[in-house]
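Undergrad: Have a look at the structure that comes next, please.
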Amino acid sequence: MKPLFLIIFVTAMLQSAFSQLNPIQNLDWYHTYPNQVNTYSLTWETPETSSDNLVGYNVYRNDEVYRFQTDTAIYYGIDSSNAPQDFLMFDFGSFYIHVTAVYNDSTDESGYIDSVHCGGVIIGLGDILKNEFAIYPNPAKDYVQIQTEQEVNSIEIINMAGQVIHKNKQSKMIDINKIPQGTYVLKASTNKGIKTEILIKEEE
């Protein structure tokens, strides 16, 4: 009985080893700001060989899946990209990224051993002041100020459902204390037309 038990035990261990869903290797993040453009690259290596069928990768921002893909990179550059620049706009400007390997026609997913940190969109005060229309600070907690030499006639803050949740008239300083945290569109009517900017309200 002992040899039979030993054979069964070894066989089970080997099956467990071969059926392991191996994670991706060497996750790497690079983010810079050449010519006032946020450029980034997220790269990784394929996992070690597994008996399961590797079908692609899930890219996560914090605990939310950003997308499934089959190649081993996400990048946005001045000359080429395979993802939008707004990949950086998530969770009030700062988040962690990890990538899992997906096996067996998207039904099984590996864990992950590496994660990288993204600080959000890079922008400096000097860049903001040079813009024709911008808001600062952004993200913000209490107040935002419109940086523009244009005459501002009215302001609306619109949530992601398209609802106007705040209106302001002829002021470049806006109190956002009563607005819940989240991502909004700030829409301003100026003497040069309608201007819009993404506004991120942080938790106080």
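Each chain in the structure tokens gets a letter, A, B, ..., in the order shown, and its residues are numbered from 1; ligands are numbered from 1 in order too.
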Run DSSP on the backbone and give me the residues of segment 27-90 of chain A it puts in strand (DSSP E or B), as an mmCIF file with N, CA and C atoms, in the first residue's frame.
TA:
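In the end it all went to out_9.cif:
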data_model
loop_
_atom_site.group_PDB
_atom_site.id
_atom_site.type_symbol
_atom_site.label_atom_id
_atom_site.label_comp_id
_atom_site.auth_asym_id
_atom_site.auth_seq_id
_atom_site.Cartn_x
_atom_site.Cartn_y
_atom_site.Cartn_z
ATOM 1 N N LEU A 27 7.670 43.404 -14.280
ATOM 2 C CA LEU A 27 6.807 44.540 -14.595
ATOM 3 C C LEU A 27 7.608 45.833 -14.468
ATOM 4 N N ASP A 28 7.500 46.709 -15.476
ATOM 5 C CA ASP A 28 8.291 47.939 -15.483
ATOM 6 C C ASP A 28 7.421 49.110 -15.925
ATOM 7 N N TRP A 29 7.593 50.254 -15.255
ATOM 8 C CA TRP A 29 6.792 51.465 -15.527
ATOM 9 C C TRP A 29 7.716 52.651 -15.780
ATOM 10 N N TYR A 30 7.412 53.418 -16.826
ATOM 11 C CA TYR A 30 8.178 54.628 -17.142
ATOM 12 C C TYR A 30 7.195 55.726 -17.532
ATOM 13 N N HIS A 31 7.340 56.910 -16.920
ATOM 14 C CA HIS A 31 6.407 58.015 -17.143
ATOM 15 C C HIS A 31 7.207 59.320 -17.167
ATOM 16 N N THR A 32 7.042 60.087 -18.243
ATOM 17 C CA THR A 32 7.761 61.351 -18.366
ATOM 18 C C THR A 32 6.878 62.378 -19.066
ATOM 19 N N THR A 39 3.826 61.043 -21.487
ATOM 20 C CA THR A 39 4.126 59.798 -22.186
ATOM 21 C C THR A 39 4.451 58.731 -21.145
ATOM 22 N N TYR A 40 4.101 57.495 -21.446
ATOM 23 C CA TYR A 40 4.326 56.423 -20.477
ATOM 24 C C TYR A 40 4.505 55.097 -21.195
ATOM 25 N N SER A 41 5.098 54.153 -20.489
ATOM 26 C CA SER A 41 5.158 52.783 -20.985
ATOM 27 C C SER A 41 5.086 51.832 -19.799
ATOM 28 N N LEU A 42 4.282 50.813 -19.941
ATOM 29 C CA LEU A 42 4.151 49.733 -18.973
ATOM 30 C C LEU A 42 4.491 48.451 -19.730
ATOM 31 N N THR A 43 5.538 47.763 -19.302
ATOM 32 C CA THR A 43 5.980 46.560 -20.012
ATOM 33 C C THR A 43 6.173 45.414 -19.028
ATOM 34 N N TRP A 44 6.104 44.196 -19.545
ATOM 35 C CA TRP A 44 6.340 43.004 -18.733
ATOM 36 C C TRP A 44 6.767 41.857 -19.634
ATOM 37 N N GLU A 45 7.261 40.805 -19.016
ATOM 38 C CA GLU A 45 7.679 39.613 -19.745
ATOM 39 C C GLU A 45 6.647 38.508 -19.564
ATOM 40 N N LEU A 54 -2.034 29.989 -22.164
ATOM 41 C CA LEU A 54 -1.985 31.429 -21.928
ATOM 42 C C LEU A 54 -2.721 32.144 -23.059
ATOM 43 N N VAL A 55 -3.742 32.945 -22.700
ATOM 44 C CA VAL A 55 -4.527 33.626 -23.745
ATOM 45 C C VAL A 55 -4.328 35.134 -23.742
ATOM 46 N N GLY A 56 -3.739 35.702 -22.674
ATOM 47 C CA GLY A 56 -3.506 37.145 -22.651
ATOM 48 C C GLY A 56 -3.289 37.654 -21.245
ATOM 49 N N TYR A 57 -3.571 38.949 -21.047
ATOM 50 C CA TYR A 57 -3.246 39.615 -19.779
ATOM 51 C C TYR A 57 -4.357 40.589 -19.389
ATOM 52 N N ASN A 58 -4.613 40.668 -18.087
ATOM 53 C CA ASN A 58 -5.478 41.704 -17.542
ATOM 54 C C ASN A 58 -4.612 42.781 -16.899
ATOM 55 N N VAL A 59 -4.821 44.031 -17.302
ATOM 56 C CA VAL A 59 -4.097 45.165 -16.729
ATOM 57 C C VAL A 59 -5.010 45.834 -15.707
ATOM 58 N N TYR A 60 -4.518 45.973 -14.480
ATOM 59 C CA TYR A 60 -5.310 46.539 -13.386
ATOM 60 C C TYR A 60 -4.796 47.918 -12.990
ATOM 61 N N ARG A 61 -5.724 48.823 -12.679
ATOM 62 C CA ARG A 61 -5.432 50.056 -11.964
ATOM 63 C C ARG A 61 -6.074 49.895 -10.598
ATOM 64 N N GLU A 64 -9.210 47.498 -10.135
ATOM 65 C CA GLU A 64 -10.139 47.502 -11.263
ATOM 66 C C GLU A 64 -9.414 47.135 -12.559
ATOM 67 N N VAL A 65 -10.020 46.244 -13.323
ATOM 68 C CA VAL A 65 -9.437 45.866 -14.609
ATOM 69 C C VAL A 65 -9.575 47.031 -15.585
ATOM 70 N N TYR A 66 -8.442 47.465 -16.137
ATOM 71 C CA TYR A 66 -8.471 48.507 -17.165
ATOM 72 C C TYR A 66 -8.824 47.901 -18.515
ATOM 73 N N ARG A 67 -8.141 46.802 -18.869
ATOM 74 C CA ARG A 67 -8.478 46.112 -20.109
ATOM 75 C C ARG A 67 -7.750 44.777 -20.192
ATOM 76 N N PHE A 68 -8.249 43.924 -21.073
ATOM 77 C CA PHE A 68 -7.590 42.665 -21.425
ATOM 78 C C PHE A 68 -6.844 42.885 -22.735
ATOM 79 N N GLN A 69 -5.632 42.309 -22.855
ATOM 80 C CA GLN A 69 -4.879 42.425 -24.098
ATOM 81 C C GLN A 69 -3.963 41.227 -24.250
ATOM 82 N N ALA A 73 2.715 45.050 -23.433
ATOM 83 C CA ALA A 73 3.038 46.458 -23.193
ATOM 84 C C ALA A 73 1.796 47.317 -23.357
ATOM 85 N N ILE A 74 1.774 48.408 -22.586
ATOM 86 C CA ILE A 74 0.835 49.513 -22.794
ATOM 87 C C ILE A 74 1.696 50.759 -22.878
ATOM 88 N N TYR A 75 1.468 51.589 -23.870
ATOM 89 C CA TYR A 75 2.313 52.777 -23.994
ATOM 90 C C TYR A 75 1.571 53.904 -24.697
ATOM 91 N N TYR A 76 1.983 55.120 -24.353
ATOM 92 C CA TYR A 76 1.508 56.325 -25.033
ATOM 93 C C TYR A 76 2.710 57.222 -25.248
ATOM 94 N N SER A 81 1.262 55.002 -30.010
ATOM 95 C CA SER A 81 0.622 54.564 -28.776
ATOM 96 C C SER A 81 -0.267 53.366 -29.064
#
Undergrad: Considering only C-alpha atoms, return as a PDB file with N, CA and C atoms, in the first residue's frame whatever protein or nucleic-acid residues lie within 10 Å of Ala161 of chain A, sequence-local ones (same chain, fewer than 3 positions apart) excluded.
TA:
ATOM      1  N   ILE A 158     -20.291  69.327 -14.205  1.00  0.00           N
ATOM      2  CA  ILE A 158     -21.162  68.269 -14.712  1.00  0.00           C
ATOM      3  C   ILE A 158     -20.585  66.914 -14.297  1.00  0.00           C
ATOM      4  N   VAL A 164     -25.837  68.488 -14.423  1.00  0.00           N
ATOM      5  CA  VAL A 164     -25.215  69.707 -13.888  1.00  0.00           C
ATOM      6  C   VAL A 164     -25.446  69.724 -12.384  1.00  0.00           C
ATOM      7  N   TYR A 184     -15.278  65.028 -12.748  1.00  0.00           N
ATOM      8  CA  TYR A 184     -16.315  65.874 -13.320  1.00  0.00           C
ATOM      9  C   TYR A 184     -15.776  66.603 -14.552  1.00  0.00           C
TER      10      TYR A 184
END
Undergrad: With only C-alpha atoms as the atoms that count, which of A:Thr196, A:Ser115, A:Thr183, A:Asn62 lies nearest to Pro139 of chain A?
TA: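 Smallest distance to Pro139 of chain A is found for A:Thr183.
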Undergrad: As a list of chain:residue names, list the residues of segment 48-170 of chain A assigned to helix (DSSP H, G or I) by DSSP on the backbone atoms of this structure.
TA: A:Gln85, A:Asp86, A:Phe87, A:Leu88, A:Asp91, A:Phe92, A:Gly93, A:Leu125, A:Gly126, A:Asp127, A:Ile128, A:Leu129, A:Lys130
Undergrad: Leaving out Asn138 of chain A and any residue of its chain fewer than 3 positions from it, which residues lie within 12 Å of it when counting only C-alpha atoms, given as a count of residues only?
TA: 31
Undergrad: Give the answer as one residue: which of A:Val102, A:Ile174, A:Ala83, A:Val37 has the shortest atom-to-atom distance to Ser154 of chain A, using only C-alpha atoms?
TA: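 For Ser154 of chain A, the nearest of the candidates is A:Ile174.
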Undergrad: Distance atom CA of Ile157 of chain A-atom CA of Asp175 of chain A, one decimal place?
TA: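 Atom CA of Asp175 of chain A lies at a distance of 11.1 Å from atom CA of Ile157 of chain A.
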